[in-house]
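Notes for the one structure printed next.
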4 protein chains.
Amino acid sequence: MLIVLRADASQADRARVAALIESLGFQAQAIESRQRVAIAVVGNDGRVDGARFSALPGVEEVIHLSRPYRMVAREWRPEPTVIRLPGGRSIGGTELLIVAGPCSVESEQQIFATARAVQAAGATALRAGAFKPRTSPYAFQGLGVPGLALLEAVRRETGLLIVTEAMDEAGLEQVADVADVIQIGARNMQNFALLKRAGRAGKPVLLKRGISATLTDLLLSAEYVLSEGNPDVILCERGIRGFDASTRNLFDVNAIPAVKSLSHLPIMADPSHGTGKRAMVPAVARAAVAAGADGLLIEVHVSPEEALSDGVQSLYPEQFALLMEELRAIAAVIGRRVP
Amino acid sequence: MLIVLRADASQADRARVAALIESLGFQAQAIESRQRVAIAVVGNDGRVDGARFSALPGVEEVIHLSRPYRMVAREWRPEPTVIRLPGGRSIGGTELLIVAGPCSVESEQQIFATARAVQAAGATALRAGAFKPRTSPYAFQGLGVPGLALLEAVRRETGLLIVTEAMDEAGLEQVADVADVIQIGARNMQNFALLKRAGRAGKPVLLKRGISATLTDLLLSAEYVLSEGNPDVILCERGIRGFDASTRNLFDVNAIPAVKSLSHLPIMADPSHGTGKRAMVPAVARAAVAAGADGLLIEVHVSPEEALSDGVQSLYPEQFALLMEELRAIAAVIGRRVP
Amino acid sequence: MLIVLRADASQADRARVAALIESLGFQAQAIESRQRVAIAVVGNDGRVDGARFSALPGVEEVIHLSRPYRMVAREWRPEPTVIRLPGGRSIGGTELLIVAGPCSVESEQQIFATARAVQAAGATALRAGAFKPRTSPYAFQGLGVPGLALLEAVRRETGLLIVTEAMDEAGLEQVADVADVIQIGARNMQNFALLKRAGRAGKPVLLKRGISATLTDLLLSAEYVLSEGNPDVILCERGIRGFDASTRNLFDVNAIPAVKSLSHLPIMADPSHGTGKRAMVPAVARAAVAAGADGLLIEVHVSPEEALSDGVQSLYPEQFALLMEELRAIAAVIGRRVP
Amino acid sequence: MLIVLRADASQADRARVAALIESLGFQAQAIESRQRVAIAVVGNDGRVDGARFSALPGVEEVIHLSRPYRMVAREWRPEPTVIRLPGGRSIGGTELLIVAGPCSVESEQQIFATARAVQAAGATALRAGAFKPRTSPYAFQGLGVPGLALLEAVRRETGLLIVTEAMDEAGLEQVADVADVIQIGARNMQNFALLKRAGRAGKPVLLKRGISATLTDLLLSAEYVLSEGNPDVILCERGIRGFDASTRNLFDVNAIPAVKSLSHLPIMADPSHGTGKRAMVPAVARAAVAAGADGLLIEVHVSPEEALSDGVQSLYPEQFALLMEELRAIAAVIGRRVP
């Protein structure tokens with residue numbers, strides 16, 4: 001950590017900074033440039049809270065030379081984390097995890113038909129929400145517990161893995177009983193009570209990036225889960241807040257190589273929410289795989305024009321099957337494999 | 001609602017849209033421009049879900065002519081909502097609500113000393129967190145329940161109103177027992193389970209805008225609270241995600257007049273989080289009052305250089321007292337009153 | 001165009017809007033929903049200026065149902081524009097245009113060595129600036145006219161096409177004498193005098209998206225060039241302003257399919273500026289090709305560690321050669337061809 | 001400047017960085033933290049180009065401890081710059097500069113009537129464009145040279161100072177002949193050829209912030225003007241790109257105190273473009289003055305509903321007169337004066 005002093009900082013200001021560094025058990029090392037003086041904190045392992053220094057008189061800025069997170073960092077674990085899933089599946093290794101399905105569980109007919117279609121095209125997991133976080137209190141909020149029961153029935157019959165969202169602490173217990181992977185949605189990325197509970201759930205967690213979260217914010221949220229004892233966190237880029245009205249969100253493809261350089265955790269991509277438009281989903285799905293994503297989360301619906309939510313961004317099953325062919329070929333180019 | 005068709009939409013596409021409109025009990029009215037055709041939904045009271053139409057073939061765009069929220073809208077209630085608080089205080093009328101205090105309750109000495117200082121300068125409510133949502137799991141997380149007990153003691157002794165944050169459903173019950181106003185933080189603005197619980201808490205709710213929330217998102221979150229039966233929601237602009245590193249957040253002063261034109265609910269401003277720098281807080285606090293904010297939430301600490309969180313953006317008590325003088329004079333210019 | 005009236009608009013307000021519509025030679029058609037009234041402008045071909053209506057009393061909002069641009073729109077020309085370049089090259093058809101080279105022309109040795117390296121790897125055009133727009137007046141500003149002479153020499157000797165930037169009207173004449181494609185940089189995307197001059201330059205124009213330009217802004221800037229008589233405009237996504245400090249810019253991969261649905265013009269991608277970090281360039285270059293980009297603009301330097309600008313985002317020649325192999329395979333998956 | 005090495009940087013990487021520092025005539029000083037090593041450049045006066053270091057192998061990040069600009073910085077000139085204008089007016093001192101008028105010169109009648117109205121309310125300068133940068137080539141582009149002649153006539157008759165925009169180098173000469181202050185618009189903030197020409201124009205320059213410019217970008221553009229010999233630059237905050245559709249731009253009130261802490265140059269505010277809606281202009285104008293702006297640029301039109309551009313954000317003269325009363329009272333609170 002480096003504490004940069006203001007050009008007009010006094011000797012007393014400087015001494016106060018040095019004293020605080022030493023009181024914390026570190027050494028202070030001054031760096032004198034022509035315009036201003038900075039003081040380095042030597043011996044720090046990354047956990048000194050810079051806020052204490054920012055608040056001192058004469059301090060211009062506090063610069064962190066170390067990462068603010070630990071267990072999720074590449075430095076903590078140089079090799080990529082491979083998370084083992086039931087049925088011999090995994091994510092983070094050579095094989096990509098393809099999770100497809102409707103936004104919500106709507107009915108037995110709808111979920112079984114969609115599940116069979118995505119499985120036929122090669123998906124190994126089904127996504128579908130029983131509990132749905134909706135911006136408006138007047139929008140469809142999901143079937144709830146009966147939805148979970150339908151997902152359980154799908155798995156029993158098809159063998160597909162189940163990925164479904166938990167919206168609150170009570171629901172997390174119920175979801176954990178059924179899901180193979182517990183999804184935490186973008187709006188809950190900083191619901192710290194939920195993250196801590198997920199850290200004790202004994203199931204892998206799929207953590208979606210908040211709509212305006214920096215990568216540091218995302219990794220710190222993952223750190224909450226790891227620090228409670230659950231090492232199995234899958235990150236997910238799902239589009240961030242943009243300023244152009246032609247797409248629902250702005251898919252941040254840079255986040256894929258950036259996360260891989262910062263962390264050992266696997267990262268998936270959600271091109272459905274990342275674009276919000278069916279016609280753009282295949283292009284962005286291919287882009288995500290080409291950029292090195294470890295898996296995809298794609299909305300597919302047997303009849304999108306009748307979907308209760310997100311129909312506009314859901315692929316038709318035949319589009320999904322075609323896309324899978326392209327993804328297999330692209331993954332092969334960079335030494336990866338799509339089932 | 002208006003459904004705009006693509007230039008290449010077929011007659012069948014057009015008929016399908018019209019049929020869906022009629023199946024929902026409304027009338028379809030075509031508007032033919034030279035470049036494309038649009039179909040209006042006539043008779044809609046604002047609650048038709050546009051997603052059903054977006055997903056139909058041949059549809060380019062769905063345009064909402066009505067607001068997606070109801071009870072929070074100006075149209076629902078033309079006069080401003082005035083929320084009554086204990087001790088004859090209120091927010092939303094002529095008098096501004098000034099809430100000041102430290103980021104967190106740290107100790108008996110710290111909270112009493114700060115409370116007395118802000119009260120002496122004219123604040124009528126104390127802000128201080130017992131439960132703190134922190135981006136990093138390694139940062140100070142608040143004193144918890146003992147912090148609430150200290151806040152209760154402060155109120156007993158000083159008569160200051162207490163504004164403090166609830167982070168999760170369990171904590172909300174505890175906070176509701178003590179607080180005069182329950183704060184929902186920016187990171188939880190779309191924690192819908194928490195919002196619903198707050199809608200049944202029987203206390204006014206201070207809802208902070210999420211870091212990248214549109215005003216529609218903010219108002220829909222408030223609608224969650226109102227639709228559970230609690231009409232007493234105070235909105236709060238506290239800075240959004242910006243791209244300039246010279247401030248922590250970007251205080252959106254436009255939000256104040258914009259919310260006032262869209263909604264009857266009162267809106268406060270938090271210039272401490274809105275800037276993140278002590279030296280900028282007075283300028284932005286004055287701006288917020290000049291723009292018509294109904295109250296302020298300001299961080300003040302008896303010794304900011306020793307604060308466990310947010311010291312860098314906390315005012316010294318004497319700065320706060322000076323600022324209050326300026327705020328009184330500015331409020332008077334626009335017919336408002338600062339205590 | 002649709003003029004939405006405020007809920008409290010008077011009959012007089014409504015009549016005034018209708019009168020203005022009719023005075024412009026169109027028909028007014030009312031749409032009455034329960035909450036508010038809207039008036040459609042029937043007969044408009046897309047060139048009515050909505051600002052006239054926005055300013056009228058009682059008007060809440062003006063909604064454009066038609067695009068604000070004409071000649072660049074898909075509706076104007078349904079099939080993709082293929083721009084013919086010297087040497088039998090083209091952009092917009094099956095074959096991708098790969099433009100590689102250093103940020104700036106620095107010396108004869110540097111530009112010839114880099115040109116030969118990128119040509120050996122398969123690039124068909126050289127990028128390199130003689131005039132450099134730099135944020136700081138103290139940064140290297142390019143060699144100027146002698147730089148252009150070196151580019152001319154490179155073309156003579158290698159046959160590579162030359163893509164280089166014009167920064168102002170005077171320079172545009174000089175650049176047009178030498179370049180095969182005239183680049184207009186992101187900072188000049190709305191330098192309308194320069195765009196108009198480029199519209200009369202008789203050479204294809206590569207128009208980079210401004211750092212915060214919407215796609216509509218970008219297409220309107222292209223319309224400036226087309227409306228002066230030059231149909232050969234190549235658009236370029238080069239990263240937009242983001243909020244995450246881990247990359248220089250935020251590469252907007254969504255822009256590729258979005259532009260293709262809105263316009264017939266070809267669109268390239270610049271993953272070097274789009275990321276700002278050498279290690280991330282290959283991933284994002286692959287993503288852009290997978291998403292359907294018509295070409296790439298990539299910074300390559302024979303010794304990036306000695307580059308006078310952008311060394312940190314320039315590939316080593318051997319990295320570029322490897323990347324070209326991957327791009328060939330990915331392009332083939334979607335029926336495109338990399339030379 | 002501080003060069004932070006990657007955790008896996010080799011001794012050779014470290015030696016290479018040190019050697020480059022010394023070859024530039026500075027001293028290298030190592031700072032060893034537990035997680036990584038950083039090397040400070042000692043003796044640097046702020047003009048070392050960090051790009052050279054970023055490009056070296058093993059380098060993680062280059063951190064600037066000094067500002068990238070010189071003459072515009074507070075450190076260069078601690079007291080605020082007061083720019084003298086004709087007629088005994090000035091900006092940057094106690095008195096605020098109020099510039100009001102229509103977006104464009106439209107006709108003799110319109111410009112004279114508006115000029116007289118704003119003068120009666122207390123404005124000391126008239127704003128109005130003869131040359132208009134418009135996003136669309138089909139929008140009204142201004143009257144051009146005849147517009148300038150009208151502005152000259154207004155000044156002769158009323159004594160109002162004239163502020164008008166130059167869009168290109170040729171136009172700048174013409175504008176400089178007439179204007180008291182030459183405006184450079186947001187879209188041209190990084191048109192470096194224009195900035196350099198403005199640096200030699202012999203008139204004060206009003207430089208508007210680009211729609212997504214950081215404050216560093218803005219100050220570096222001002223530095224272009226100063227470094228050509230013109231010390232009289234007035235900065236202007238006019239709203240940045242936001243994500244909320246309820247306003248045209250996002251007025252960044254933080255920029256006012258932030259610029260004042262970084263630079264000695266005066267800063268104005270443009271609440272008309274900053275909001276894009278007439279009803280919000282007074283609130284944001286008051287906020288800007290309360291935050292410490294040195295002047296305002298406000299659109300006023302005698303009949304906004306007939307304006308050829310920006311009518312929707314133009315005040316009626318009587319609204320402007322009322323606003324001036326409020327601004328006088330608010331300015332007085334912080335020791336400033338509105339004429």
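By order in the structure tokens, chains are A, B, ...; within a chain, residues start at 1; ligands start at 1, following the order shown.
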| field | Interface list for chain C, partner chain A, 10 Å threshold, only C-alpha atoms, as a PyMOL selection string | value | chain C and resi 212-217+239-247+249-262+271+274-275+277+279-293+325-334
| request: Tell me which protein, DNA and RNA residues are within 7 Å of stretch 95-105 of chain D, counting only C-alpha atoms, leaving out same-chain ones fewer than 3 positions away, and put them as an NGL selection string. | output: :D and (91 or 111 or 114-115 or 118 or 123-130 or 142-143 or 147 or 294-301 or 309-310 or 336-338)
| request: Check stretch 71-112 of chain D with DSSP on the backbone and list each residue it calls helix (DSSP H, G or I), as a PyMOL selection string. | output: chain D and resi 86-88+108-112
| request: Among the residues of stretch 78-320 of chain A, find those DSSP assigns to strand (DSSP E) from the backbone and print them as a PyMOL selection string. | output: chain A and resi 83-84+90-91+97-101+125-127+161-165+181-184+205-208+233-237+267-269+295-299
Near B:Val42, counting only C-alpha atoms, which residues have an atom at most 9 Å away, once you skip same-chain residues fewer than 4 positions from it, shown as a CSV table (one decimal) with N, CA, C and O atoms, in the first residue's frame?
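Heads up, here's the output in selection.csv:
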chain,number,residue,atom,x,y,z
B,1,MET,N,-49.7,1.1,-24.6
B,1,MET,CA,-48.5,0.4,-25.2
B,1,MET,C,-48.6,0.3,-26.7
B,1,MET,O,-49.7,0.3,-27.2
B,21,ILE,N,-53.6,-9.0,-28.6
B,21,ILE,CA,-54.2,-7.8,-28.0
B,21,ILE,C,-55.6,-8.0,-27.6
B,21,ILE,O,-56.1,-7.8,-26.5
B,26,PHE,N,-58.3,-6.1,-24.9
B,26,PHE,CA,-58.1,-4.7,-25.3
B,26,PHE,C,-58.4,-4.5,-26.8
B,26,PHE,O,-58.7,-5.5,-27.5
B,27,GLN,N,-58.4,-3.3,-27.3
B,27,GLN,CA,-58.5,-3.1,-28.7
B,27,GLN,C,-57.2,-2.8,-29.4
B,27,GLN,O,-56.3,-2.2,-28.8
B,28,ALA,N,-57.1,-3.3,-30.6
B,28,ALA,CA,-55.8,-3.0,-31.4
B,28,ALA,C,-56.1,-1.9,-32.4
B,28,ALA,O,-57.2,-1.9,-33.0
B,29,GLN,N,-55.2,-0.9,-32.4
B,29,GLN,CA,-55.4,0.2,-33.4
B,29,GLN,C,-54.1,0.4,-34.2
B,29,GLN,O,-53.0,0.7,-33.6
C,31,ILE,N,-54.4,8.3,-30.1
C,31,ILE,CA,-54.5,7.0,-29.5
C,31,ILE,C,-54.8,7.2,-28.0
C,31,ILE,O,-54.0,7.8,-27.3
C,32,GLU,N,-55.9,6.7,-27.6
C,32,GLU,CA,-56.3,7.0,-26.2
C,32,GLU,C,-56.1,5.8,-25.3
C,32,GLU,O,-56.8,4.8,-25.5
C,33,SER,N,-55.2,5.9,-24.4
C,33,SER,CA,-55.1,4.8,-23.4
C,33,SER,C,-55.8,5.3,-22.1
C,33,SER,O,-56.2,6.5,-22.1
C,34,ARG,N,-55.9,4.5,-21.1
C,34,ARG,CA,-56.6,5.0,-20.0
C,34,ARG,C,-55.8,6.0,-19.2
C,34,ARG,O,-56.4,7.0,-18.7
| request: Could you tell me how far atom CA of C:Leu2 lies from atom CA of C:Ala38, in Å and to one decimal? | output: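 If I compute the distance from atom CA of C:Leu2 to atom CA of C:Ala38, I get 6.5 Å.
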| Which residue, C:Gly87, C:Gly202, C:Pro137, C:Gly311, has the smallest gap to D:Ser227 when you use only C-alpha atoms? | C:Pro137
| Surrounding residues of stretch 194-197 of chain C excluding itself and chain neighbours under 2 positions, 7 Å, only C-alpha atoms, as a PyMOL selection string | chain C and resi 168-169+191-192+199-201+224-225+228
Residues of the last selection are to be written out with all heavy atoms, as a PDB file, in the first residue's frame.
ATOM      1  N   ASP C 168      -7.298  16.215 -39.066  1.00  0.00           N
ATOM      2  CA  ASP C 168      -7.918  17.510 -39.322  1.00  0.00           C
ATOM      3  C   ASP C 168      -8.068  17.674 -40.830  1.00  0.00           C
ATOM      4  O   ASP C 168      -7.607  16.848 -41.613  1.00  0.00           O
ATOM      5  CB  ASP C 168      -7.101  18.648 -38.699  1.00  0.00           C
ATOM      6  CG  ASP C 168      -5.625  18.543 -39.036  1.00  0.00           C
ATOM      7  OD1 ASP C 168      -5.300  18.259 -40.215  1.00  0.00           O
ATOM      8  OD2 ASP C 168      -4.796  18.722 -38.141  1.00  0.00           O
ATOM      9  N   GLU C 169      -8.736  18.757 -41.223  1.00  0.00           N
ATOM     10  CA  GLU C 169      -9.071  18.913 -42.632  1.00  0.00           C
ATOM     11  C   GLU C 169      -7.832  19.032 -43.517  1.00  0.00           C
ATOM     12  O   GLU C 169      -7.764  18.420 -44.592  1.00  0.00           O
ATOM     13  CB  GLU C 169      -9.975  20.138 -42.818  1.00  0.00           C
ATOM     14  CG  GLU C 169     -11.319  19.948 -42.122  1.00  0.00           C
ATOM     15  CD  GLU C 169     -12.131  21.222 -42.158  1.00  0.00           C
ATOM     16  OE1 GLU C 169     -12.603  21.591 -43.253  1.00  0.00           O
ATOM     17  OE2 GLU C 169     -12.260  21.867 -41.097  1.00  0.00           O
ATOM     18  N   ASN C 191     -16.582  15.186 -35.303  1.00  0.00           N
ATOM     19  CA  ASN C 191     -15.956  16.368 -35.919  1.00  0.00           C
ATOM     20  C   ASN C 191     -16.587  16.462 -37.316  1.00  0.00           C
ATOM     21  O   ASN C 191     -16.120  15.875 -38.288  1.00  0.00           O
ATOM     22  CB  ASN C 191     -14.444  16.143 -36.002  1.00  0.00           C
ATOM     23  CG  ASN C 191     -13.722  17.314 -36.618  1.00  0.00           C
ATOM     24  OD1 ASN C 191     -14.305  18.097 -37.370  1.00  0.00           O
ATOM     25  ND2 ASN C 191     -12.441  17.428 -36.316  1.00  0.00           N
ATOM     26  N   PHE C 192     -17.701  17.194 -37.370  1.00  0.00           N
ATOM     27  CA  PHE C 192     -18.530  17.128 -38.578  1.00  0.00           C
ATOM     28  C   PHE C 192     -17.861  17.748 -39.796  1.00  0.00           C
ATOM     29  O   PHE C 192     -18.079  17.310 -40.920  1.00  0.00           O
ATOM     30  CB  PHE C 192     -19.898  17.750 -38.300  1.00  0.00           C
ATOM     31  CG  PHE C 192     -20.625  17.076 -37.164  1.00  0.00           C
ATOM     32  CD1 PHE C 192     -20.952  17.754 -36.004  1.00  0.00           C
ATOM     33  CD2 PHE C 192     -20.936  15.723 -37.232  1.00  0.00           C
ATOM     34  CE1 PHE C 192     -21.595  17.115 -34.948  1.00  0.00           C
ATOM     35  CE2 PHE C 192     -21.582  15.069 -36.173  1.00  0.00           C
ATOM     36  CZ  PHE C 192     -21.908  15.770 -35.024  1.00  0.00           C
ATOM     37  N   GLY C 199     -16.224  12.824 -46.796  1.00  0.00           N
ATOM     38  CA  GLY C 199     -17.266  12.436 -47.736  1.00  0.00           C
ATOM     39  C   GLY C 199     -16.943  12.831 -49.174  1.00  0.00           C
ATOM     40  O   GLY C 199     -17.591  12.363 -50.118  1.00  0.00           O
ATOM     41  N   ARG C 200     -15.940  13.695 -49.325  1.00  0.00           N
ATOM     42  CA  ARG C 200     -15.562  14.131 -50.679  1.00  0.00           C
ATOM     43  C   ARG C 200     -14.146  13.698 -51.030  1.00  0.00           C
ATOM     44  O   ARG C 200     -13.566  14.180 -52.009  1.00  0.00           O
ATOM     45  CB  ARG C 200     -15.669  15.665 -50.767  1.00  0.00           C
ATOM     46  CG  ARG C 200     -17.074  16.198 -50.485  1.00  0.00           C
ATOM     47  CD  ARG C 200     -17.197  17.700 -50.741  1.00  0.00           C
ATOM     48  NE  ARG C 200     -16.327  18.475 -49.885  1.00  0.00           N
ATOM     49  CZ  ARG C 200     -16.673  19.008 -48.695  1.00  0.00           C
ATOM     50  NH1 ARG C 200     -17.899  18.852 -48.233  1.00  0.00           N
ATOM     51  NH2 ARG C 200     -15.812  19.686 -47.992  1.00  0.00           N
ATOM     52  N   ALA C 201     -13.587  12.748 -50.227  1.00  0.00           N
ATOM     53  CA  ALA C 201     -12.168  12.430 -50.389  1.00  0.00           C
ATOM     54  C   ALA C 201     -11.893  11.389 -51.453  1.00  0.00           C
ATOM     55  O   ALA C 201     -10.753  11.195 -51.870  1.00  0.00           O
ATOM     56  CB  ALA C 201     -11.589  11.961 -49.051  1.00  0.00           C
ATOM     57  N   TYR C 224     -23.272  11.367 -42.389  1.00  0.00           N
ATOM     58  CA  TYR C 224     -22.609  12.590 -42.846  1.00  0.00           C
ATOM     59  C   TYR C 224     -21.695  12.302 -44.036  1.00  0.00           C
ATOM     60  O   TYR C 224     -21.660  13.043 -45.010  1.00  0.00           O
ATOM     61  CB  TYR C 224     -21.752  13.209 -41.729  1.00  0.00           C
ATOM     62  CG  TYR C 224     -22.425  14.308 -40.929  1.00  0.00           C
ATOM     63  CD1 TYR C 224     -23.048  14.044 -39.723  1.00  0.00           C
ATOM     64  CD2 TYR C 224     -22.421  15.634 -41.378  1.00  0.00           C
ATOM     65  CE1 TYR C 224     -23.659  15.051 -38.982  1.00  0.00           C
ATOM     66  CE2 TYR C 224     -23.027  16.650 -40.632  1.00  0.00           C
ATOM     67  CZ  TYR C 224     -23.651  16.355 -39.441  1.00  0.00           C
ATOM     68  OH  TYR C 224     -24.244  17.356 -38.724  1.00  0.00           O
ATOM     69  N   VAL C 225     -20.934  11.202 -43.947  1.00  0.00           N
ATOM     70  CA  VAL C 225     -19.997  10.863 -45.029  1.00  0.00           C
ATOM     71  C   VAL C 225     -20.779  10.439 -46.279  1.00  0.00           C
ATOM     72  O   VAL C 225     -20.505  10.913 -47.390  1.00  0.00           O
ATOM     73  CB  VAL C 225     -19.028   9.740 -44.574  1.00  0.00           C
ATOM     74  CG1 VAL C 225     -18.047   9.400 -45.699  1.00  0.00           C
ATOM     75  CG2 VAL C 225     -18.284  10.164 -43.314  1.00  0.00           C
ATOM     76  N   GLU C 228     -22.453  13.173 -48.294  1.00  0.00           N
ATOM     77  CA  GLU C 228     -21.569  14.001 -49.131  1.00  0.00           C
ATOM     78  C   GLU C 228     -21.129  13.240 -50.381  1.00  0.00           C
ATOM     79  O   GLU C 228     -20.297  13.734 -51.144  1.00  0.00           O
ATOM     80  CB  GLU C 228     -20.337  14.440 -48.332  1.00  0.00           C
ATOM     81  CG  GLU C 228     -20.636  15.402 -47.205  1.00  0.00           C
ATOM     82  CD  GLU C 228     -20.998  16.814 -47.691  1.00  0.00           C
ATOM     83  OE1 GLU C 228     -20.430  17.260 -48.706  1.00  0.00           O
ATOM     84  OE2 GLU C 228     -21.859  17.445 -47.045  1.00  0.00           O
TER      85      GLU C 228
END
| said: Using only C-alpha atoms, can you tell me which of C:Ala40, C:Ile182, C:Ala269, C:Ala193 comes closest to C:Val4? | reply: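 With only C-alpha atoms as the atom set, the closest residue is C:Ala40.
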| request: Tell me, as a list in words, which residues lie within 6 Å of stretch 49-58 of chain B, counting only C-alpha atoms; anything in the same chain fewer than 4 positions away does not count. | output: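 Using only C-alpha atoms, the neighbours found are Glu305, Gly311 and Val312 of chain A; Leu5, Arg6, Ala9 and Asp13 of chain B.
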| message | Taking 2 positions as the minimum chain separation for residues in the same chain, which residues sit within 8 Å of B:Arg209 when counting only C-alpha atoms? Answer as a ChimeraX atom specification. | response | /B:185-186,189,207,211-213,218,235-238
